[in-house]
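Q: Structure file my_file-v1.cif (mmCIF, C-alpha atoms) right here:
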```
data_query
loop_
_atom_site.label_atom_id
_atom_site.label_comp_id
_atom_site.auth_asym_id
_atom_site.auth_seq_id
_atom_site.Cartn_x
_atom_site.Cartn_y
_atom_site.Cartn_z
CA MET A 1 37.62 -18.51 -17.71
CA GLN A 2 38.46 -14.85 -18.23
CA ILE A 3 36.60 -12.07 -16.47
CA PRO A 4 34.18 -10.44 -18.94
CA GLU A 5 35.24 -7.04 -20.22
CA GLU A 6 33.19 -3.93 -19.44
CA GLY A 7 30.07 -3.82 -21.60
CA THR A 8 30.00 -7.59 -22.17
CA GLY A 9 28.79 -10.69 -20.39
CA ILE A 10 26.63 -10.40 -17.29
CA SER A 11 27.08 -6.64 -16.81
CA ALA A 12 25.94 -5.92 -20.34
CA ILE A 13 22.91 -8.22 -20.06
CA LYS A 14 21.90 -6.52 -16.80
CA GLY A 15 22.11 -3.12 -18.45
CA LYS A 16 19.74 -3.94 -21.33
CA THR A 17 16.44 -2.90 -19.84
CA SER A 18 13.64 -0.92 -21.38
CA LYS A 19 13.60 2.82 -20.87
CA GLY A 20 12.64 3.71 -17.35
CA ALA A 21 12.91 0.11 -16.06
CA THR A 22 15.15 -0.82 -13.15
CA ALA A 23 17.87 -3.39 -13.80
CA PRO A 24 17.41 -6.58 -11.73
CA ALA A 25 19.71 -7.11 -8.76
CA VAL A 26 22.84 -9.13 -9.35
CA SER A 27 22.55 -12.56 -7.72
CA ILE A 28 25.15 -14.96 -6.39
CA ASP A 29 24.34 -17.17 -9.40
CA ASP A 30 25.39 -14.34 -11.73
CA VAL A 31 28.74 -14.01 -9.97
CA ALA A 32 29.28 -17.76 -9.95
CA MET A 33 28.51 -17.99 -13.70
CA ALA A 34 30.88 -15.15 -14.57
CA ALA A 35 33.68 -16.63 -12.44
CA GLY A 36 33.11 -20.21 -13.49
CA VAL A 37 32.76 -21.45 -9.90
CA SER A 38 30.01 -22.72 -7.64
CA THR A 39 27.81 -20.44 -5.54
CA ALA A 40 29.35 -21.98 -2.42
CA THR A 41 32.80 -20.89 -3.62
CA VAL A 42 31.51 -17.35 -4.20
CA SER A 43 30.09 -17.28 -0.68
CA ARG A 44 33.37 -18.47 0.83
CA ALA A 45 35.42 -16.01 -1.22
CA VAL A 46 33.25 -13.03 -0.30
CA ARG A 47 33.34 -13.80 3.41
CA GLY A 48 36.99 -14.82 3.63
CA ILE A 49 36.32 -18.42 4.63
CA PRO A 50 39.18 -20.88 4.00
CA GLY A 51 38.99 -23.42 1.18
CA VAL A 52 39.33 -21.00 -1.74
CA SER A 53 42.63 -20.43 -3.55
CA ALA A 54 44.07 -16.93 -3.60
CA ALA A 55 43.70 -16.69 -7.37
CA THR A 56 40.06 -17.78 -7.32
CA ARG A 57 39.24 -15.45 -4.44
CA GLU A 58 40.80 -12.51 -6.28
CA ARG A 59 38.89 -13.33 -9.48
CA VAL A 60 35.58 -13.65 -7.61
CA LEU A 61 36.08 -10.39 -5.70
CA LYS A 62 36.85 -8.47 -8.90
CA ILE A 63 33.62 -9.72 -10.45
CA VAL A 64 31.70 -8.92 -7.27
CA GLU A 65 32.96 -5.34 -7.41
CA ARG A 66 32.30 -4.99 -11.15
CA LEU A 67 28.76 -6.34 -11.01
CA GLY A 68 27.84 -4.61 -7.77
CA TYR A 69 26.86 -7.84 -6.06
CA VAL A 70 25.62 -7.43 -2.47
CA PRO A 71 25.94 -10.64 -0.40
CA SER A 72 22.68 -12.12 0.81
CA SER A 73 22.85 -13.24 4.41
CA SER A 74 20.42 -16.09 3.79
CA ALA A 75 22.23 -17.37 0.70
CA SER A 76 25.60 -17.23 2.44
CA GLY A 77 24.15 -19.07 5.38
CA LEU A 78 23.05 -21.95 3.18
CA ALA A 79 26.60 -22.41 1.96
CA SER A 80 28.16 -22.28 5.42
CA GLY A 81 25.47 -23.71 7.68
CA ARG A 82 25.45 -20.45 9.63
CA THR A 83 22.70 -17.98 10.40
CA MET A 84 24.78 -15.03 9.10
CA THR A 85 23.58 -13.13 12.16
CA MET A 86 25.59 -11.75 15.07
CA GLY A 87 23.93 -10.97 18.40
CA VAL A 88 24.62 -7.90 20.55
CA VAL A 89 23.48 -7.73 24.17
CA VAL A 90 22.97 -4.09 25.21
CA PRO A 91 22.08 -3.00 28.78
CA MET A 92 20.33 0.15 27.54
CA ILE A 93 20.02 1.06 23.89
CA ASP A 94 19.31 4.75 24.48
CA ARG A 95 22.71 5.66 25.93
CA TRP A 96 25.43 7.36 23.87
CA TYR A 97 28.21 4.84 24.36
CA PHE A 98 26.05 1.80 23.67
CA ALA A 99 24.34 3.32 20.62
CA THR A 100 27.66 4.50 19.15
CA ALA A 101 29.43 1.17 19.68
CA LEU A 102 26.41 -0.62 18.24
CA GLY A 103 26.56 1.57 15.12
CA GLY A 104 30.23 0.71 14.57
CA ALA A 105 29.57 -3.01 14.94
CA ASP A 106 26.63 -2.81 12.55
CA ARG A 107 28.72 -1.13 9.83
CA ALA A 108 31.36 -3.85 10.05
CA LEU A 109 28.77 -6.61 9.95
CA ARG A 110 26.82 -5.18 7.02
CA ALA A 111 30.03 -4.91 5.02
CA ALA A 112 30.54 -8.65 5.56
CA GLY A 113 26.98 -9.58 4.62
CA TYR A 114 25.98 -10.22 8.24
CA ASP A 115 22.79 -9.18 10.00
CA LEU A 116 22.75 -7.83 13.55
CA MET A 117 20.30 -9.01 16.20
CA VAL A 118 20.01 -6.70 19.23
CA PHE A 119 19.04 -8.05 22.64
CA ASN A 120 18.14 -4.93 24.63
CA LEU A 121 17.90 -5.60 28.34
CA GLY A 122 15.90 -2.40 28.66
CA GLY A 123 17.60 -0.94 31.70
CA ALA A 124 15.84 -2.95 34.39
CA GLY A 125 17.88 -6.10 33.91
CA GLY A 126 14.80 -8.32 33.88
CA ASN A 127 15.62 -9.72 30.44
CA ARG A 128 18.93 -11.29 31.51
CA GLU A 129 17.29 -14.61 32.29
CA ARG A 130 15.53 -14.69 28.93
CA VAL A 131 18.69 -13.76 27.01
CA PHE A 132 21.31 -15.86 28.74
CA HIS A 133 19.51 -18.92 30.10
CA ARG A 134 16.72 -19.72 27.70
CA SER A 135 16.60 -20.49 23.99
CA MET A 136 16.65 -16.91 22.72
CA LEU A 137 20.30 -17.02 21.65
CA ARG A 138 20.61 -20.65 20.76
CA LYS A 139 20.87 -21.54 17.08
CA ARG A 140 19.93 -17.98 16.07
CA ILE A 141 23.33 -16.30 16.05
CA ASP A 142 26.86 -17.19 14.99
CA ALA A 143 28.66 -14.98 17.54
CA LEU A 144 27.88 -12.57 20.37
CA LEU A 145 28.99 -9.09 21.45
CA VAL A 146 28.21 -8.08 25.05
CA MET A 147 28.24 -4.34 25.77
CA CYS A 148 29.71 -3.06 29.05
CA MET A 149 28.48 -5.77 31.40
CA SER A 150 30.14 -8.05 33.87
CA LEU A 151 28.86 -11.59 33.47
CA THR A 152 27.91 -14.04 36.17
CA GLU A 153 29.43 -17.50 36.14
CA GLU A 154 26.08 -18.92 35.04
CA GLU A 155 25.95 -16.49 32.12
CA LEU A 156 29.48 -17.41 31.08
CA VAL A 157 28.50 -21.09 31.14
CA SER A 158 25.46 -20.25 28.99
CA LEU A 159 27.62 -18.43 26.46
CA ARG A 160 30.12 -21.27 26.27
CA ALA A 161 27.23 -23.63 25.60
CA LEU A 162 26.50 -21.69 22.42
CA ASP A 163 29.75 -22.96 20.94
CA SER A 164 30.10 -19.53 19.32
CA PRO A 165 32.78 -16.86 19.75
CA SER A 166 31.93 -13.95 22.03
CA ILE A 167 33.57 -10.77 23.31
CA VAL A 168 32.78 -7.92 25.71
CA VAL A 169 32.95 -4.32 24.48
CA GLY A 170 33.59 -1.35 26.77
CA SER A 171 34.42 -3.09 30.05
CA ASN A 172 37.87 -4.03 31.29
CA LEU A 173 36.96 -7.39 32.83
CA GLU A 174 39.43 -9.62 34.59
CA GLY A 175 39.64 -13.01 32.90
CA VAL A 176 37.18 -12.09 30.12
CA ARG A 177 38.18 -11.18 26.60
CA HIS A 178 37.24 -7.55 26.04
CA VAL A 179 37.74 -4.49 23.85
CA SER A 180 38.12 -1.26 25.82
CA ILE A 181 40.36 1.66 26.67
CA ASP A 182 42.62 1.52 29.72
CA ASP A 183 40.23 3.27 32.10
CA PRO A 184 42.68 3.77 34.99
CA VAL A 185 45.22 5.41 32.68
CA ALA A 186 42.52 7.54 31.04
CA VAL A 187 41.39 8.84 34.44
CA LYS A 188 44.98 9.48 35.47
CA ASP A 189 45.53 11.55 32.32
CA ALA A 190 42.39 13.63 33.00
CA VAL A 191 43.11 14.29 36.67
CA GLU A 192 46.80 15.02 36.11
CA HIS A 193 45.78 17.58 33.48
CA LEU A 194 43.91 19.45 36.24
CA ILE A 195 46.76 19.01 38.70
CA GLY A 196 49.22 20.27 36.09
CA LEU A 197 47.17 23.44 35.76
CA GLY A 198 47.60 24.02 39.50
CA HIS A 199 44.32 22.64 40.87
CA ARG A 200 44.37 21.08 44.31
CA ASP A 201 40.69 21.24 45.24
CA ILE A 202 39.29 18.68 42.81
CA ALA A 203 35.87 17.03 43.09
CA HIS A 204 34.78 13.80 41.44
CA LEU A 205 31.41 13.27 39.81
CA GLN A 206 31.11 9.49 39.67
CA GLY A 207 29.12 7.18 37.49
CA THR A 208 27.54 4.16 39.10
CA GLY A 209 26.09 0.83 38.09
CA GLU A 210 22.48 1.49 37.07
CA TYR A 211 19.46 -0.77 37.25
CA GLY A 212 21.30 -3.61 38.94
CA PHE A 213 23.89 -4.02 36.17
CA ASP A 214 27.39 -4.83 37.34
CA PHE A 215 29.58 -2.39 35.41
CA SER A 216 33.31 -2.54 36.04
CA VAL A 217 33.90 0.92 34.54
CA PRO A 218 32.61 3.06 37.46
CA LEU A 219 34.69 1.14 40.00
CA LEU A 220 37.83 1.34 37.88
CA ARG A 221 37.42 5.08 37.38
CA ASN A 222 36.65 5.73 41.05
CA GLU A 223 39.73 3.81 42.15
CA ALA A 224 41.92 5.55 39.57
CA PHE A 225 40.75 9.01 40.70
CA GLU A 226 41.60 8.26 44.32
CA ALA A 227 44.96 6.71 43.41
CA THR A 228 45.96 9.68 41.25
CA MET A 229 45.02 12.21 43.93
CA GLN A 230 46.88 10.26 46.60
CA ALA A 231 49.95 9.90 44.37
CA HIS A 232 50.14 13.70 44.26
CA GLY A 233 49.53 14.11 47.97
CA LEU A 234 46.05 15.56 47.49
CA PRO A 235 43.06 14.70 49.67
CA VAL A 236 39.95 12.95 48.36
CA ARG A 237 37.20 14.76 50.24
CA PRO A 238 33.98 12.79 50.77
CA GLU A 239 31.85 15.93 50.46
CA TRP A 240 33.34 16.50 47.01
CA THR A 241 32.31 13.08 45.73
CA ALA A 242 28.88 12.84 44.10
CA LEU A 243 26.96 10.34 41.99
CA GLY A 244 25.77 11.36 38.54
CA ASN A 245 24.73 8.00 37.02
CA PHE A 246 26.34 8.84 33.66
CA ARG A 247 23.43 11.17 32.81
CA ALA A 248 23.40 14.92 32.19
CA ALA A 249 20.32 15.53 34.36
CA ASP A 250 21.70 13.49 37.28
CA GLY A 251 25.08 15.14 36.81
CA LYS A 252 23.48 18.56 37.02
CA ALA A 253 21.67 17.69 40.26
CA ALA A 254 24.82 16.22 41.79
CA ALA A 255 26.93 19.19 40.71
CA ALA A 256 24.45 21.55 42.35
CA ARG A 257 25.31 20.02 45.71
CA LEU A 258 29.01 20.49 45.02
CA LEU A 259 28.64 24.12 43.98
CA ASP A 260 26.01 25.51 46.37
CA ASP A 261 28.47 26.31 49.19
CA PRO A 262 30.64 29.24 48.02
CA GLY A 263 32.94 28.83 51.01
CA ASN A 264 33.61 25.15 50.32
CA ARG A 265 33.64 24.90 46.56
CA PRO A 266 36.12 22.91 44.44
CA THR A 267 38.08 24.72 41.76
CA ALA A 268 37.79 21.76 39.38
CA ILE A 269 35.48 18.80 38.79
CA PHE A 270 36.44 15.57 37.09
CA ALA A 271 33.33 13.88 35.69
CA SER A 272 33.53 10.18 34.79
CA SER A 273 31.60 10.83 31.56
CA ASP A 274 31.00 13.77 29.26
CA GLU A 275 27.25 13.61 29.77
CA MET A 276 27.74 14.22 33.49
CA ALA A 277 30.22 16.98 32.66
CA PHE A 278 27.50 18.70 30.61
CA GLY A 279 25.37 18.63 33.74
CA VAL A 280 28.17 20.29 35.70
CA MET A 281 28.42 23.05 33.10
CA MET A 282 24.67 23.65 33.23
CA ALA A 283 24.65 23.79 37.04
CA ALA A 284 27.56 26.24 37.01
CA ALA A 285 25.85 28.48 34.45
CA GLU A 286 22.69 28.65 36.56
CA ARG A 287 24.77 29.87 39.51
CA GLY A 288 26.78 32.39 37.57
CA ILE A 289 29.98 30.40 38.02
CA ARG A 290 32.27 31.06 35.06
CA ILE A 291 33.97 28.18 33.26
CA PRO A 292 36.96 27.98 33.23
CA GLU A 293 37.74 31.21 35.12
CA GLU A 294 36.15 30.01 38.37
CA LEU A 295 35.65 26.29 37.73
CA SER A 296 37.43 23.83 35.46
CA VAL A 297 35.59 20.77 34.15
CA VAL A 298 36.96 17.66 32.43
CA GLY A 299 35.14 14.52 31.29
CA ILE A 300 35.67 11.20 29.52
CA ASP A 301 34.29 10.11 26.13
CA ASP A 302 34.49 12.97 23.61
CA HIS A 303 30.75 12.84 23.10
CA GLU A 304 29.55 14.42 19.84
CA LEU A 305 28.46 17.52 21.83
CA SER A 306 31.78 17.92 23.63
CA GLU A 307 33.46 19.97 20.91
CA PRO A 308 30.66 22.55 20.51
CA ALA A 309 30.42 22.75 24.32
CA GLY A 310 34.15 23.40 24.55
CA LEU A 311 34.62 20.52 27.00
CA THR A 312 38.08 19.22 27.79
CA THR A 313 37.83 15.44 27.77
CA ILE A 314 39.46 12.08 27.25
CA ARG A 315 38.61 10.92 23.73
CA GLN A 316 37.64 7.35 23.04
CA ARG A 317 35.94 5.90 19.95
CA PRO A 318 33.10 3.51 20.80
CA ASP A 319 32.26 3.12 17.11
CA GLU A 320 35.77 1.89 16.37
CA GLN A 321 35.69 -0.38 19.41
CA GLY A 322 32.43 -1.94 18.21
CA ALA A 323 33.73 -2.37 14.67
CA PHE A 324 37.02 -3.82 15.91
CA ALA A 325 35.27 -6.34 18.15
CA ALA A 326 32.89 -7.37 15.35
CA GLY A 327 35.85 -7.77 13.02
CA LEU A 328 37.59 -10.11 15.45
CA LEU A 329 34.51 -12.31 15.64
CA LEU A 330 34.05 -12.30 11.86
CA ALA A 331 37.67 -13.36 11.40
CA GLU A 332 37.21 -16.24 13.84
CA LEU A 333 34.08 -17.36 12.03
CA ALA A 334 36.16 -17.36 8.83
CA GLY A 335 38.69 -19.71 10.39
CA ALA A 336 41.24 -17.32 11.93
CA ALA A 337 42.82 -18.08 15.29
CA ARG A 338 41.26 -16.60 18.42
CA VAL A 339 42.90 -13.24 19.16
CA GLN A 340 43.28 -11.49 22.51
CA PRO A 341 42.55 -7.83 21.67
CA GLY A 342 44.89 -5.12 22.86
CA ILE A 343 43.99 -1.95 24.75
CA GLN A 344 42.16 0.57 22.58
CA PRO A 345 43.57 4.11 22.26
CA HIS A 346 42.49 7.23 24.13
CA GLU A 347 43.81 10.78 24.18
CA LEU A 348 43.42 13.97 26.18
CA VAL A 349 41.64 16.68 24.17
CA VAL A 350 42.12 20.11 25.75
CA ARG A 351 39.39 22.66 25.04
CA LYS A 352 37.99 25.74 26.79
CA SER A 353 36.59 24.21 29.96
CA THR A 354 39.91 23.93 31.83
CA ALA A 355 42.35 26.62 32.99
CA PRO A 356 44.50 27.38 36.06
CA PRO A 357 42.51 27.90 39.27
CA PRO A 358 41.48 31.42 40.30
CA SER A 359 43.96 33.30 42.45
CA PRO A 360 43.13 33.31 46.19
CA VAL A 361 41.22 36.34 47.37
CA THR A 362 43.40 38.56 49.58
CA THR A 363 42.22 41.12 52.08
#
```
Please express the file's structure as structure tokens.
A:
Amino acid sequence: MQIPEEGTGISAIKGKTSKGATAPAVSIDDVAMAAGVSTATVSRAVRGIPGVSAATRERVLKIVERLGYVPSSSASGLASGRTMTMGVVVPMIDRWYFATALGGADRALRAAGYDLMVFNLGGAGGNRERVFHRSMLRKRIDALLVMCMSLTEEELVSLRALDSPSIVVGSNLEGVRHVSIDDPVAVKDAVEHLIGLGHRDIAHLQGTGEYGFDFSVPLLRNEAFEATMQAHGLPVRPEWTALGNFRAADGKAAAARLLDDPGNRPTAIFASSDEMAFGVMMAAAERGIRIPEELSVVGIDDHELSEPAGLTTIRQRPDEQGAFAAGLLLAELAGAARVQPGIQPHELVVRKSTAPPPSPVTT
């Protein structure tokens, strides 16, 4: 059966509405009729599931594009026996990284006709039992993304019991499939940028695991900072290490303690996230400390506010990480082989917050 020409067939019928009326939405039945196939074949073709010839898939997709058909998650689920829903476990939904990665995953899923179900642990961690060990996930999702969390052995057993593909986003976890940047290398790049400018007195504003969550990222970044300093023969001074909890307000309070002693002040601060780096910049401004003339600051993330703030940082793309991870799971659901994802890219972005250290005062 040939594809109807423009202005004929289904598209023409849909266009013949009375003045001012809205044309009815194109259904999967319309696409199936135009292509001369079953609705199940349309569903498989749209979602890339095996069992459809290349020629049929191409014909169906051309009609889908022409008619403006939007896949229905419920209709597709009937054809495949799936829920057409992917779950995402988020430690805290109000944090920049999590929200950005979630947005990227959602875009990829919507494009494939999938819905997204968010399981927000709400910061306190009290929902872990409900999410991982009870019936909340079972038979309600086809796959699962886990954002930036180490998993206990019991939780891993619970996930395996789902018989659904899963992946961790944002954490570099030993023995667990994950999508993330190479955090140790990213930290090395940031600290060596400061060292290359001539800084020797470098402080570290650390993140930490909040609310009882076991994040691998803070530990990896702490270890990488110390290793990089030691590799260059530079001391890691305990009084120049502070905890900022990945928040601007906490970063500001921690930076105040680093900057309040003029006689024992670092010339540069590496912050393990941009949000903490913003706190450093605010604390410095309140004390009349000029950036970068008297203090250099570098972060990690390339937060959306980093460019207007002029912050030198390590750029990563949580939205692309979320979309990439969702795409891997979608491909597996469509019959593709399980893939071990590679390291995601990062890059040093030099802006106005870093410069050589001030010259020593001579008398």
Q: Show me the residues around (35.9, 18.5, 26.1) - criterion: an atom at most 7 Å away, all atoms listed in the file counted - as a VMD selection string.
A: chain A and resid 298 to 299 302 306 to 307 310 to 313 349 to 351 353
Q: Name the residues in contact with Val52 of chain A at a cut-off of 12 Å, using all atoms listed in the file, excluding same-chain residues fewer than 2 positions from it; report them as JSON, numbers by chain.
A: {"A": [37, 38, 40, 41, 42, 43, 44, 45, 46, 47, 48, 49, 50, 54, 55, 56, 57, 58, 59, 60, 61, 334]}
Q: Quick check, in Å to one decimal: how far apart do atom CA of Gly244 of chain A and atom CA of Thr208 of chain A lie?
A: 7.4 Å
Q: From the list A:Leu305, A:Ile300, A:Leu329, A:Ala111, which residue is nearest Val88 of chain A when using all atoms listed in the file?
A: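 Among the listed residues, the smallest separation from Val88 of chain A belongs to A:Leu329.
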Q: Once the PyMOL selection byres ((chain A and resi 294) around 12) has been applied to the shown file, what residues remain in the selection, as a list of chain:residue names?
A: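 Evaluating the PyMOL selection byres ((chain A and resi 294) around 12) on this file yields A:His199, A:Leu259, A:Pro262, A:Arg265, A:Pro266, A:Thr267, A:Ala268, A:Ile269, A:Met281, A:Ala284, A:Ala285, A:Arg287, A:Gly288, A:Ile289, A:Arg290, A:Ile291, A:Pro292, A:Glu293, A:Leu295, A:Ser296, A:Val297, A:Ser353, A:Thr354, A:Ala355, A:Pro356, A:Pro357, A:Pro358, A:Ser359, A:Pro360.
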Q: How far is it from atom CA of Ile181 of chain A to atom CA of Gln344 of chain A, in Å with one decimal?
A: 4.6 Å
Q: Tell me which of A:Ala224, A:Ala336, A:Leu219, A:Met282 sits closest to Asp250 of chain A, counting all atoms listed in the file.
A: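 Counting all atoms listed in the file, the residue closest to Asp250 of chain A is A:Met282.
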Q: Which residue, A:Ile28, A:Ile63, A:Ala326, A:Ala203, has the smallest gap to Val179 of chain A when you use only C-alpha atoms?
A: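 Smallest separation from Val179 of chain A among the options: A:Ala326.
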Q: Taking all atoms listed in the file into account, which of A:Ser272, A:Asn222, A:Gln321, A:Ser216 comes nearest Ala99 of chain A?
A: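 Residue with the minimum atom-to-atom distance to Ala99 of chain A: A:Gln321.
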Q: Could you tell me which residues the PyMOL selection byres ((chain A and resi 98) around 10) grabs in this file, written as a ChimeraX atom specification?
A: /A:89-97,99-103,147-148,169-170,318-319,322
Q: Could you please determine the separation between atom CA of Val64 of chain A and atom CA of Asp115 of chain A in Å, to one decimal place?
A: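 Atom-to-atom, atom CA of Val64 of chain A and atom CA of Asp115 of chain A are spaced 19.4 Å apart.
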Q: Going by the chain IDs and residue numbers used in this file, which residues fall under the PyMOL selection byres ((chain A and resi 26) around 7)? Write them as number ranges by chain.
A: A: 24-25, 27-28, 30, 67-69
Q: Determine the nearest neighbour of Ser273 of chain A from the options A:Trp240, A:Tyr114, A:Phe225, A:Phe246, counting all atoms listed in the file.
A: A:Phe246
